[in-house]
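**Student:** target_33.csv is reproduced in full below (CSV, C-alpha atoms).
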chain,number,residue,atom,x,y,z
S,10,MET,CA,-38.9,-3.5,2.3
S,11,THR,CA,-38.7,-2.4,6.0
S,12,GLU,CA,-38.3,1.3,6.6
S,13,PRO,CA,-35.7,2.4,9.2
S,14,THR,CA,-37.3,3.4,12.5
S,15,SER,CA,-36.4,6.1,15.0
S,16,GLU,CA,-35.0,3.4,17.2
S,17,ASP,CA,-32.6,2.4,14.4
S,18,ASP,CA,-31.4,5.9,14.1
S,19,ASP,CA,-30.9,6.3,17.8
S,20,SER,CA,-28.9,3.0,18.0
S,21,THR,CA,-26.8,4.1,15.0
S,22,ALA,CA,-26.1,7.5,16.6
S,23,ALA,CA,-25.3,5.9,19.9
S,24,ALA,CA,-22.8,3.5,18.3
S,25,SER,CA,-21.2,6.4,16.4
S,26,THR,CA,-20.9,8.4,19.6
S,27,GLU,CA,-19.3,5.4,21.4
S,28,LEU,CA,-16.9,4.9,18.5
S,29,VAL,CA,-15.9,8.6,18.6
S,30,ALA,CA,-15.3,8.4,22.4
S,31,ARG,CA,-13.2,5.3,22.0
S,32,PHE,CA,-11.3,6.9,19.2
S,33,HIS,CA,-10.3,9.9,21.4
S,34,ALA,CA,-9.4,7.7,24.3
S,35,THR,CA,-7.2,5.5,22.1
S,36,MET,CA,-5.5,8.4,20.4
S,37,ASN,CA,-4.8,10.1,23.7
S,38,ALA,CA,-3.3,6.8,25.1
S,39,ILE,CA,-1.1,6.4,22.0
S,40,ARG,CA,0.2,10.0,22.2
S,41,LYS,CA,0.9,9.6,25.9
S,42,ALA,CA,2.7,6.3,25.3
S,43,LEU,CA,4.8,7.8,22.5
S,44,GLY,CA,5.6,10.8,24.7
S,45,ARG,CA,7.2,8.5,27.3
S,46,ILE,CA,9.7,7.2,24.7
S,47,VAL,CA,10.1,10.0,22.2
S,48,VAL,CA,11.1,13.5,23.4
S,49,GLY,CA,9.5,16.3,21.5
S,50,GLN,CA,8.4,15.9,17.8
S,51,GLU,CA,4.7,16.3,18.7
S,52,THR,CA,3.8,17.7,15.3
S,53,ALA,CA,5.6,14.9,13.5
S,54,ILE,CA,3.8,12.3,15.7
S,55,GLU,CA,0.4,13.9,14.9
S,56,GLN,CA,1.1,13.8,11.2
S,57,LEU,CA,2.2,10.2,11.4
S,58,LEU,CA,-1.1,9.3,13.2
S,59,ILE,CA,-3.1,11.2,10.6
S,60,SER,CA,-1.3,9.2,7.9
S,61,VAL,CA,-2.3,5.9,9.5
S,62,LEU,CA,-5.9,7.1,10.1
S,63,ILE,CA,-6.4,7.9,6.4
S,64,GLY,CA,-4.7,4.7,5.3
S,65,GLY,CA,-1.8,6.5,3.7
S,66,HIS,CA,1.9,6.2,3.6
S,67,CYS,CA,4.4,8.6,5.0
S,68,LEU,CA,7.9,9.8,4.1
S,69,ILE,CA,10.0,10.9,7.1
S,70,THR,CA,13.0,13.2,6.3
S,71,GLY,CA,15.6,14.1,8.8
S,72,LEU,CA,19.3,14.1,9.5
S,73,PRO,CA,20.9,11.2,11.4
S,74,GLY,CA,20.0,11.3,15.1
S,75,THR,CA,16.6,12.8,14.8
S,76,ALA,CA,14.7,9.7,16.1
S,77,LYS,CA,13.2,8.7,12.7
S,78,THR,CA,13.5,4.9,13.3
S,79,LEU,CA,12.6,5.2,17.0
S,80,ILE,CA,9.4,7.0,16.3
S,81,VAL,CA,8.2,4.5,13.6
S,82,ARG,CA,9.0,1.4,15.7
S,83,THR,CA,7.3,2.9,18.8
S,84,LEU,CA,4.2,3.9,16.8
S,85,ALA,CA,3.9,0.4,15.4
S,86,GLN,CA,4.1,-1.0,18.9
S,87,ALA,CA,1.4,1.4,20.2
S,88,LEU,CA,-0.9,0.5,17.3
S,89,GLY,CA,-0.6,-3.2,18.0
S,90,LEU,CA,0.3,-3.9,14.3
S,91,ASP,CA,2.7,-6.4,12.8
S,92,PHE,CA,5.9,-4.6,12.1
S,93,LYS,CA,8.9,-5.3,9.8
S,94,ARG,CA,11.9,-3.2,8.9
S,95,ILE,CA,13.9,-3.2,5.7
S,96,GLN,CA,17.3,-1.5,5.7
S,97,PHE,CA,17.6,-0.1,2.2
S,98,THR,CA,21.2,-0.4,0.8
S,99,PRO,CA,22.7,0.0,-2.6
S,100,ASP,CA,22.8,-3.7,-3.2
S,101,LEU,CA,19.2,-4.4,-2.1
S,102,MET,CA,17.2,-6.2,-4.8
S,103,PRO,CA,13.4,-5.9,-5.6
S,104,THR,CA,12.9,-9.5,-4.6
S,105,ASP,CA,14.5,-8.8,-1.2
S,106,VAL,CA,11.5,-6.5,-0.6
S,107,THR,CA,8.5,-8.3,-2.2
S,108,GLY,CA,9.6,-11.9,-2.0
S,109,THR,CA,10.9,-14.6,-4.4
S,110,ASP,CA,9.9,-18.0,-5.9
S,111,ILE,CA,11.8,-20.9,-4.5
S,112,LEU,CA,12.0,-24.3,-6.3
S,113,ASP,CA,11.1,-27.0,-3.8
S,114,GLU,CA,11.7,-30.7,-4.4
S,115,ASP,CA,9.6,-33.4,-2.7
S,116,PRO,CA,12.2,-35.8,-1.2
S,117,SER,CA,9.9,-38.8,-1.6
S,118,SER,CA,8.6,-38.3,-5.1
S,119,GLY,CA,11.3,-36.1,-6.6
S,120,VAL,CA,8.6,-33.7,-7.9
S,121,ARG,CA,9.6,-30.1,-8.0
S,122,ARG,CA,7.3,-27.2,-7.4
S,123,TRP,CA,7.7,-23.4,-7.3
S,124,ARG,CA,6.8,-21.9,-3.9
S,125,PHE,CA,6.5,-18.2,-3.2
S,126,GLU,CA,8.4,-17.1,-0.2
S,127,PRO,CA,6.9,-13.7,1.0
S,128,GLY,CA,9.3,-10.8,1.6
S,129,PRO,CA,9.2,-8.4,4.5
S,130,ILE,CA,6.7,-6.2,2.7
S,131,PHE,CA,4.1,-8.7,3.9
S,132,THR,CA,3.3,-6.9,7.2
S,133,GLN,CA,1.1,-4.1,8.4
S,134,VAL,CA,3.6,-1.4,9.3
S,135,LEU,CA,6.7,-1.5,7.0
S,136,LEU,CA,9.6,0.7,8.0
S,137,ALA,CA,11.5,1.4,4.8
S,138,ASP,CA,14.7,2.6,6.5
S,139,GLU,CA,16.8,5.1,4.5
S,140,ILE,CA,14.8,4.4,1.4
S,141,ASN,CA,16.9,6.8,-0.7
S,142,ARG,CA,20.1,4.7,-0.2
S,143,THR,CA,18.9,2.1,-2.7
S,144,PRO,CA,18.6,2.6,-6.5
S,145,PRO,CA,15.2,3.5,-8.1
S,146,LYS,CA,14.7,0.0,-9.4
S,147,THR,CA,14.4,-1.3,-5.9
S,148,GLN,CA,12.5,1.7,-4.6
S,149,SER,CA,9.9,1.0,-7.3
S,150,ALA,CA,9.3,-2.5,-5.8
S,151,LEU,CA,7.0,-0.7,-3.3
S,152,LEU,CA,4.8,1.0,-5.9
S,153,GLU,CA,2.1,-1.8,-6.4
S,154,ALA,CA,1.9,-2.5,-2.7
S,155,MET,CA,1.5,1.2,-1.8
S,156,GLN,CA,-1.2,1.9,-4.4
S,157,GLU,CA,-3.1,-1.4,-4.6
S,158,PHE,CA,-2.2,-3.2,-1.3
S,159,ARG,CA,-1.0,-6.3,-3.1
S,160,VAL,CA,2.1,-7.9,-4.6
S,161,THR,CA,2.4,-9.6,-7.9
S,162,ALA,CA,5.0,-12.3,-8.5
S,163,ARG,CA,5.3,-14.6,-11.6
S,164,GLY,CA,1.8,-13.5,-12.7
S,165,LYS,CA,0.1,-14.4,-9.4
S,166,THR,CA,-1.3,-11.7,-7.0
S,167,TYR,CA,-0.9,-11.8,-3.3
S,168,PRO,CA,-3.1,-9.4,-1.1
S,169,LEU,CA,-1.5,-7.6,1.8
S,170,GLU,CA,-3.1,-7.7,5.2
S,171,LEU,CA,-4.9,-4.4,6.2
S,172,PRO,CA,-4.2,-1.9,7.5
S,173,PHE,CA,-1.0,-1.6,5.5
S,174,VAL,CA,1.2,1.4,5.9
S,175,VAL,CA,4.7,2.2,4.6
S,176,LEU,CA,6.6,4.6,6.8
S,177,ALA,CA,9.8,5.4,4.9
S,178,THR,CA,12.7,7.3,6.3
S,179,GLN,CA,15.3,9.2,4.3
S,180,ASN,CA,18.3,11.4,4.8
S,181,PRO,CA,18.4,14.8,3.0
S,182,ILE,CA,19.3,14.5,-0.6
S,183,GLU,CA,22.5,16.6,-0.1
S,184,LEU,CA,24.2,13.7,1.7
S,185,GLU,CA,26.4,11.5,-0.4
S,186,GLY,CA,25.3,8.0,-1.5
S,187,THR,CA,21.6,8.8,-1.9
S,188,TYR,CA,19.3,8.3,-4.8
S,189,PRO,CA,16.3,10.7,-5.4
S,190,LEU,CA,12.9,8.9,-5.3
S,191,PRO,CA,11.0,8.6,-8.5
S,192,GLU,CA,8.2,11.2,-8.9
S,193,ALA,CA,5.6,8.4,-9.2
S,194,GLN,CA,6.6,7.0,-5.9
S,195,LEU,CA,6.9,10.4,-4.1
S,196,ASP,CA,3.3,11.2,-5.1
S,197,ARG,CA,2.1,8.1,-3.3
S,198,PHE,CA,3.3,9.3,0.0
S,199,VAL,CA,0.6,11.3,1.9
S,200,PHE,CA,3.1,13.4,3.8
S,201,ASN,CA,6.7,14.2,3.9
S,202,VAL,CA,7.3,14.8,7.6
S,203,VAL,CA,10.5,16.7,8.4
S,204,LEU,CA,12.2,16.0,11.7
S,205,ASP,CA,14.4,18.9,12.9
S,206,TYR,CA,16.8,18.8,15.8
S,207,LEU,CA,15.3,19.3,19.2
S,208,ASP,CA,15.6,22.5,21.2
S,209,ALA,CA,18.2,22.7,23.9
S,210,GLY,CA,15.9,21.7,26.8
S,211,GLU,CA,14.7,18.6,24.9
S,212,GLU,CA,18.2,17.6,24.0
S,213,VAL,CA,19.2,17.8,27.7
S,214,ALA,CA,16.3,15.5,28.5
S,215,VAL,CA,17.4,13.0,25.9
S,216,VAL,CA,21.0,13.0,27.1
S,217,GLU,CA,19.9,12.5,30.7
S,218,ARG,CA,17.7,9.6,29.8
S,219,ASN,CA,20.5,7.8,28.0
S,220,VAL,CA,23.3,8.6,30.4
S,221,LEU,CA,21.2,7.4,33.4
S,222,GLY,CA,20.1,4.3,31.5
S,223,ILE,CA,16.4,4.9,32.0
S,224,VAL,CA,15.5,4.6,28.3
S,225,ASP,CA,12.8,2.0,27.7
S,226,GLU,CA,11.9,1.7,24.1
S,227,THR,CA,9.1,-0.9,24.5
S,228,ILE,CA,5.5,-0.1,25.1
S,229,GLY,CA,2.4,-2.2,25.1
S,230,ALA,CA,-0.3,-2.0,22.3
S,231,ARG,CA,-3.0,0.6,22.9
S,232,THR,CA,-5.2,-0.7,20.1
S,233,GLU,CA,-5.4,-3.3,17.3
S,234,ALA,CA,-5.9,-3.8,13.6
S,235,GLY,CA,-9.7,-4.1,13.6
S,236,ALA,CA,-10.1,-0.9,15.7
S,237,ILE,CA,-7.8,1.0,13.4
S,238,LEU,CA,-9.9,0.0,10.3
S,239,ALA,CA,-13.0,1.2,12.1
S,240,TYR,CA,-11.3,4.5,12.9
S,241,GLN,CA,-10.3,4.9,9.3
S,242,ARG,CA,-14.0,4.5,8.3
S,243,LEU,CA,-14.9,7.0,11.0
S,244,VAL,CA,-12.5,9.6,9.7
S,245,ARG,CA,-14.0,9.4,6.2
S,246,GLU,CA,-17.4,10.2,7.7
S,247,VAL,CA,-16.3,13.6,9.0
S,248,PRO,CA,-18.1,16.2,6.8
S,249,VAL,CA,-16.2,18.7,4.7
S,250,SER,CA,-18.0,21.7,3.3
S,251,ASP,CA,-17.8,22.6,-0.4
S,252,ASP,CA,-16.0,25.8,0.4
S,253,VAL,CA,-13.2,24.0,2.3
S,254,THR,CA,-12.9,21.3,-0.5
S,255,ARG,CA,-12.7,24.1,-3.1
S,256,TYR,CA,-10.0,25.8,-1.0
S,257,ALA,CA,-7.9,22.6,-1.0
S,258,VAL,CA,-8.3,22.3,-4.8
S,259,ASP,CA,-7.4,26.0,-5.3
S,260,LEU,CA,-4.3,25.6,-3.2
S,261,VAL,CA,-3.1,22.6,-5.2
S,262,ARG,CA,-4.0,24.2,-8.6
S,263,ALA,CA,-2.0,27.3,-7.6
S,264,THR,CA,1.2,25.1,-7.5
S,265,ARG,CA,1.2,24.5,-11.2
S,266,PRO,CA,3.3,27.0,-13.1
S,267,ASP,CA,1.5,26.6,-16.4
S,268,THR,CA,-2.0,27.6,-15.0
S,269,ASP,CA,-3.7,31.0,-14.6
S,270,ALA,CA,-4.2,30.2,-10.9
S,271,ALA,CA,-0.5,30.2,-10.2
S,272,PRO,CA,1.0,33.3,-8.5
S,273,GLU,CA,4.0,34.9,-10.2
S,274,SER,CA,6.4,33.3,-7.8
S,275,VAL,CA,5.2,29.8,-8.7
S,276,GLY,CA,5.9,30.4,-12.4
S,277,LYS,CA,9.3,31.8,-11.5
S,278,TYR,CA,10.5,29.2,-9.0
S,279,LEU,CA,8.8,25.9,-9.7
S,280,ARG,CA,9.5,23.4,-12.4
S,281,TYR,CA,6.2,21.6,-11.8
S,282,GLY,CA,3.4,21.5,-9.2
S,283,ALA,CA,1.2,18.9,-7.4
S,284,SER,CA,-1.3,16.5,-8.9
S,285,VAL,CA,-4.9,16.0,-7.7
S,286,ARG,CA,-3.7,13.5,-5.2
S,287,ALA,CA,-2.5,16.4,-3.1
S,288,ALA,CA,-6.0,17.8,-2.9
S,289,ILE,CA,-7.4,14.4,-2.0
S,290,TYR,CA,-4.8,13.9,0.8
S,291,LEU,CA,-5.4,17.5,2.1
S,292,CYS,CA,-9.1,16.8,2.5
S,293,LEU,CA,-8.6,13.3,4.0
S,294,GLY,CA,-5.9,14.5,6.3
S,295,ALA,CA,-8.0,17.5,7.4
S,296,ARG,CA,-10.8,15.1,8.4
S,297,ALA,CA,-8.4,13.2,10.7
S,298,ARG,CA,-6.8,16.3,12.1
S,299,ALA,CA,-10.3,17.7,13.0
S,300,LEU,CA,-11.3,14.5,14.7
S,301,LEU,CA,-8.0,14.4,16.7
S,302,ALA,CA,-8.8,17.9,17.8
S,303,GLY,CA,-12.2,16.9,19.0
S,304,ARG,CA,-14.2,18.5,16.2
S,305,TYR,CA,-16.6,16.7,13.8
S,306,HIS,CA,-16.1,19.3,11.0
S,307,VAL,CA,-13.2,20.5,8.9
S,308,THR,CA,-12.0,24.1,8.7
S,309,ASP,CA,-9.7,25.8,6.3
S,310,ASP,CA,-7.2,25.9,9.2
S,311,ASP,CA,-6.9,22.1,9.0
S,312,ILE,CA,-6.1,22.4,5.3
S,313,ARG,CA,-3.6,25.1,5.8
S,314,ALA,CA,-1.9,23.2,8.7
S,315,LEU,CA,-1.2,20.2,6.4
S,316,ALA,CA,-0.2,22.1,3.3
S,317,HIS,CA,3.6,21.8,4.0
S,318,PRO,CA,3.7,18.1,4.7
S,319,VAL,CA,1.4,17.3,1.8
S,320,LEU,CA,3.1,19.6,-0.8
S,321,ARG,CA,6.8,19.8,0.1
S,322,HIS,CA,7.7,16.5,-1.7
S,323,ARG,CA,5.4,17.2,-4.7
S,324,LEU,CA,6.9,20.5,-5.8
S,325,GLN,CA,10.2,20.8,-7.7
S,326,ILE,CA,12.1,24.1,-7.6
S,327,ASN,CA,14.2,25.2,-10.4
S,328,TYR,CA,17.7,26.8,-10.7
S,329,VAL,CA,16.3,30.3,-10.4
S,330,ALA,CA,14.9,29.4,-6.9
S,331,GLU,CA,18.2,28.0,-5.9
S,332,SER,CA,20.2,31.0,-7.0
S,333,ASP,CA,17.7,33.3,-5.2
S,334,GLY,CA,17.9,31.3,-2.0
S,335,VAL,CA,14.2,30.3,-2.2
S,336,ASP,CA,13.1,26.8,-1.2
S,337,VAL,CA,9.9,24.8,-1.4
S,338,GLU,CA,8.9,25.8,2.1
S,339,ASP,CA,9.0,29.5,1.1
S,340,VAL,CA,6.8,28.9,-1.9
S,341,ILE,CA,4.2,26.9,0.1
S,342,ALA,CA,4.1,29.6,2.8
S,343,GLU,CA,3.4,32.3,0.1
S,344,LEU,CA,0.7,30.1,-1.4
S,345,GLY,CA,-1.0,30.0,2.0
S,346,GLN,CA,-1.0,33.8,2.1
S,347,ARG,CA,-2.0,34.3,-1.6
S,348,VAL,CA,-4.8,31.7,-2.1
S,349,PRO,CA,-8.1,33.0,-0.7
S,350,SER,CA,-9.8,30.7,1.9
S,351,PRO,CA,-13.3,30.6,3.3
S,352,GLY,CA,-12.1,31.4,6.9
S,353,GLY,CA,-9.8,34.1,5.6
S,354,SER,CA,-12.7,35.8,3.9
S,355,ARG,CA,-14.8,35.6,7.0
S,356,ARG,CA,-11.9,37.0,9.2
S,357,SER,CA,-11.3,39.8,6.7
S,358,ALA,CA,-15.0,40.7,6.7
S,359,GLU,CA,-15.1,40.6,10.5
S,360,THR,CA,-12.1,42.9,10.7
S,361,THR,CA,-13.5,45.3,8.2
S,362,SER,CA,-16.9,45.3,10.1
S,363,GLY,CA,-15.1,45.9,13.4
S,364,GLN,CA,-13.1,48.8,12.0
S,365,SER,CA,-16.2,50.4,10.5
S,366,ALA,CA,-18.1,50.1,13.8
S,367,ALA,CA,-15.1,51.8,15.6
Would you write out, as structure tokens, the structure that this file holds?

**Tutor:**
Amino acid sequence: MTEPTSEDDDSTAAASTELVARFHATMNAIRKALGRIVVGQETAIEQLLISVLIGGHCLITGLPGTAKTLIVRTLAQALGLDFKRIQFTPDLMPTDVTGTDILDEDPSSGVRRWRFEPGPIFTQVLLADEINRTPPKTQSALLEAMQEFRVTARGKTYPLELPFVVLATQNPIELEGTYPLPEAQLDRFVFNVVLDYLDAGEEVAVVERNVLGIVDETIGARTEAGAILAYQRLVREVPVSDDVTRYAVDLVRATRPDTDAAPESVGKYLRYGASVRAAIYLCLGARARALLAGRYHVTDDDIRALAHPVLRHRLQINYVAESDGVDVEDVIAELGQRVPSPGGSRRSAETTSGQSAA
């Protein structure tokens, strides 16, 4: 067996350095391209990019007119991936999503054979538009594809082309004609990205663009599927310390009302907390966020920055919270203050040391 040489190590390091440089150049080009089409929403765009970079799916929540569909379509164009859109409606059937078997007849022989006609889920970026306007039975048609990247029909399995990402938009549940997503499906979304209305200056920019007719919603691809798969592997190589991993786990465990780790407010206001998937997504997302920021290490700030999008759709408040005017965002914010973090401990020690020296 041949031992690796120093030359091999040098070439590997050079290739890795080149890939990191290409990653940053590509991500900057994508952000710049999106900025020409989408006004504002920088945080949401970053979270969507992180979702793609860790091979996860993303739920996008916002009122009508907050550019949900525009952001997804433009992102797919910039990524250079195949893109399809499903408009979820109350009468949509599961086979309208996954595909259906069609009985074909050979005109010459009269022989009939079943042929599978793939549905729109066979793509790389799937926009599930207004996913909560269709009943749970149809919503669940996405489960296998989201978890295992395949579709099964009539006992036969069809693999999906990678990368495969579901970006689902939904209107707030208070609106009429919507169906809550099943918990099993909610847990498969890495993030729930919330799009708020723009500030006054940004709205003026949107109005001017549309009134003057200078809106161009098409952009060229800034990368391609093979590169994205390479970037996904690169993200998983970013190291995470044991302390930061433990912080992510502690944060998730603190969301469970029936555990000793939960603060009093969690037991008072939450029906149930997050599963271990949340901790996995926190650590994966933190890797991508660090790399996007030009760092090759993860800090507890990366975990804390992603706590809201990772946890907000995994926690269920109870009637006490509603009567007290407490929402999920309030609970997550308190958890960020209550759960000790490695960086927080260091900052506290530095502050104490500085005060003692004074």

**Student:** By how many Å are CA of Ile69 in chain S and CA of Gln194 in chain S apart?

**Tutor:** 14.0 Å

**Student:** Near Pro172 in chain S, counting all atoms listed in the file, which residues have an atom at most 12 Å away, once you skip same-chain residues fewer than 4 positions from it, shown as a PDB file with C-alpha atoms, in the coordinates of the input?

**Tutor:**
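Result saved to around-v7.pdb:
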ATOM      1  CA  SER S  60      -1.300   9.200   7.900  1.00  0.00           C
ATOM      2  CA  VAL S  61      -2.300   5.900   9.500  1.00  0.00           C
ATOM      3  CA  LEU S  62      -5.900   7.100  10.100  1.00  0.00           C
ATOM      4  CA  ILE S  63      -6.400   7.900   6.400  1.00  0.00           C
ATOM      5  CA  GLY S  64      -4.700   4.700   5.300  1.00  0.00           C
ATOM      6  CA  GLY S  65      -1.800   6.500   3.700  1.00  0.00           C
ATOM      7  CA  HIS S  66       1.900   6.200   3.600  1.00  0.00           C
ATOM      8  CA  ALA S  85       3.900   0.400  15.400  1.00  0.00           C
ATOM      9  CA  LEU S  88      -0.900   0.500  17.300  1.00  0.00           C
ATOM     10  CA  GLY S  89      -0.600  -3.200  18.000  1.00  0.00           C
ATOM     11  CA  LEU S  90       0.300  -3.900  14.300  1.00  0.00           C
ATOM     12  CA  ASP S  91       2.700  -6.400  12.800  1.00  0.00           C
ATOM     13  CA  PHE S  92       5.900  -4.600  12.100  1.00  0.00           C
ATOM     14  CA  PHE S 131       4.100  -8.700   3.900  1.00  0.00           C
ATOM     15  CA  THR S 132       3.300  -6.900   7.200  1.00  0.00           C
ATOM     16  CA  GLN S 133       1.100  -4.100   8.400  1.00  0.00           C
ATOM     17  CA  VAL S 134       3.600  -1.400   9.300  1.00  0.00           C
ATOM     18  CA  LEU S 135       6.700  -1.500   7.000  1.00  0.00           C
ATOM     19  CA  ALA S 154       1.900  -2.500  -2.700  1.00  0.00           C
ATOM     20  CA  MET S 155       1.500   1.200  -1.800  1.00  0.00           C
ATOM     21  CA  PHE S 158      -2.200  -3.200  -1.300  1.00  0.00           C
ATOM     22  CA  ARG S 159      -1.000  -6.300  -3.100  1.00  0.00           C
ATOM     23  CA  PRO S 168      -3.100  -9.400  -1.100  1.00  0.00           C
ATOM     24  CA  GLU S 233      -5.400  -3.300  17.300  1.00  0.00           C
ATOM     25  CA  ALA S 234      -5.900  -3.800  13.600  1.00  0.00           C
ATOM     26  CA  GLY S 235      -9.700  -4.100  13.600  1.00  0.00           C
ATOM     27  CA  ALA S 236     -10.100  -0.900  15.700  1.00  0.00           C
ATOM     28  CA  ILE S 237      -7.800   1.000  13.400  1.00  0.00           C
ATOM     29  CA  LEU S 238      -9.900   0.000  10.300  1.00  0.00           C
ATOM     30  CA  ALA S 239     -13.000   1.200  12.100  1.00  0.00           C
ATOM     31  CA  TYR S 240     -11.300   4.500  12.900  1.00  0.00           C
ATOM     32  CA  GLN S 241     -10.300   4.900   9.300  1.00  0.00           C
ATOM     33  CA  ARG S 242     -14.000   4.500   8.300  1.00  0.00           C
TER      34      ARG S 242
END

**Student:** Enter the distance from CA of Ile54 in chain S to CA of Ala283 in chain S, in Å, rounded to one decimal.

**Tutor:** 24.2 Å

**Student:** Between S:Val106, S:Lys77, S:Leu152, S:Ala209, which residue has the minimum interatomic distance to Asn180 in chain S, considering only C-alpha atoms?

**Tutor:**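 Once distances to Asn180 in chain S are computed over only C-alpha atoms, the minimum belongs to S:Lys77.
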
**Student:** Of the residues S:Leu43, S:Ile312, S:Ala137, S:Val258, which is the one nearest to Thr98 in chain S, using only C-alpha atoms?

**Tutor:**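 Going through S:Leu43, S:Ile312, S:Ala137, S:Val258 one by one, the smallest distance to Thr98 in chain S is for S:Ala137.
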
**Student:** Using Å and a single decimal, report how far CA of Val29 in chain S sits from CA of Gly303 in chain S.

**Tutor:**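 So the answer is 9.1 Å.
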
**Student:** Determine the nearest neighbour of Ala87 in chain S from the options S:Ile39, S:Ala302, S:Ala177, S:Val215, counting all atoms listed in the file.

**Tutor:**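 Of all the options, S:Ile39 lies closest to Ala87 in chain S.
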
**Student:** Here is a test: counting only C-alpha atoms, which residue of S:Leu260, S:Ala34, S:Ala299, S:Ile111 is nearest to Ala162 in chain S?

**Tutor:**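 The answer is S:Ile111, which sits nearest to Ala162 in chain S.
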
**Student:** Smallest atom-to-atom distance to Ser25 in chain S: which of S:Trp123, S:Arg142, S:Val244, S:Val199, using all atoms listed in the file?

**Tutor:** S:Val244

**Student:** Do a neighbour search on range 261-270 of chain S at 7 Å with all atoms listed in the file, toss out local chain neighbours closer than 5 positions, and write the hits as a PyMOL selection string.

**Tutor:** chain S and resi 275-276+279+281-283+287-288

**Student:** Could N, CA and C atoms be built for range 304-316 of chain S and written out as a PDB file, in the coordinates of the input?

**Tutor:**
ATOM      1  N   ARG S 304     -13.127  17.840  16.979  1.00  0.00           N
ATOM      2  CA  ARG S 304     -14.200  18.500  16.200  1.00  0.00           C
ATOM      3  C   ARG S 304     -14.701  17.470  15.137  1.00  0.00           C
ATOM      4  N   TYR S 305     -15.980  17.607  14.803  1.00  0.00           N
ATOM      5  CA  TYR S 305     -16.600  16.700  13.800  1.00  0.00           C
ATOM      6  C   TYR S 305     -16.883  17.560  12.532  1.00  0.00           C
ATOM      7  N   HIS S 306     -16.054  18.542  12.272  1.00  0.00           N
ATOM      8  CA  HIS S 306     -16.100  19.300  11.000  1.00  0.00           C
ATOM      9  C   HIS S 306     -14.746  19.840  10.705  1.00  0.00           C
ATOM     10  N   VAL S 307     -14.525  20.102   9.435  1.00  0.00           N
ATOM     11  CA  VAL S 307     -13.200  20.500   8.900  1.00  0.00           C
ATOM     12  C   VAL S 307     -13.239  22.012   8.637  1.00  0.00           C
ATOM     13  N   THR S 308     -12.160  22.687   8.993  1.00  0.00           N
ATOM     14  CA  THR S 308     -12.000  24.100   8.700  1.00  0.00           C
ATOM     15  C   THR S 308     -10.859  24.307   7.718  1.00  0.00           C
ATOM     16  N   ASP S 309     -10.774  25.514   7.157  1.00  0.00           N
ATOM     17  CA  ASP S 309      -9.700  25.800   6.300  1.00  0.00           C
ATOM     18  C   ASP S 309      -8.332  25.822   7.035  1.00  0.00           C
ATOM     19  N   ASP S 310      -8.375  26.013   8.356  1.00  0.00           N
ATOM     20  CA  ASP S 310      -7.200  25.900   9.200  1.00  0.00           C
ATOM     21  C   ASP S 310      -6.562  24.525   9.129  1.00  0.00           C
ATOM     22  N   ASP S 311      -7.420  23.509   9.074  1.00  0.00           N
ATOM     23  CA  ASP S 311      -6.900  22.100   9.000  1.00  0.00           C
ATOM     24  C   ASP S 311      -6.200  21.917   7.650  1.00  0.00           C
ATOM     25  N   ILE S 312      -6.756  22.472   6.579  1.00  0.00           N
ATOM     26  CA  ILE S 312      -6.100  22.400   5.300  1.00  0.00           C
ATOM     27  C   ILE S 312      -4.763  23.080   5.291  1.00  0.00           C
ATOM     28  N   ARG S 313      -4.771  24.283   5.832  1.00  0.00           N
ATOM     29  CA  ARG S 313      -3.600  25.100   5.800  1.00  0.00           C
ATOM     30  C   ARG S 313      -2.459  24.453   6.699  1.00  0.00           C
ATOM     31  N   ALA S 314      -2.857  23.816   7.790  1.00  0.00           N
ATOM     32  CA  ALA S 314      -1.900  23.200   8.700  1.00  0.00           C
ATOM     33  C   ALA S 314      -1.167  22.014   8.036  1.00  0.00           C
ATOM     34  N   LEU S 315      -1.826  21.390   7.054  1.00  0.00           N
ATOM     35  CA  LEU S 315      -1.200  20.200   6.400  1.00  0.00           C
ATOM     36  C   LEU S 315      -0.637  20.532   5.048  1.00  0.00           C
ATOM     37  N   ALA S 316      -0.654  21.786   4.656  1.00  0.00           N
ATOM     38  CA  ALA S 316      -0.200  22.100   3.300  1.00  0.00           C
ATOM     39  C   ALA S 316       1.326  21.809   3.168  1.00  0.00           C
TER      40      ALA S 316
END
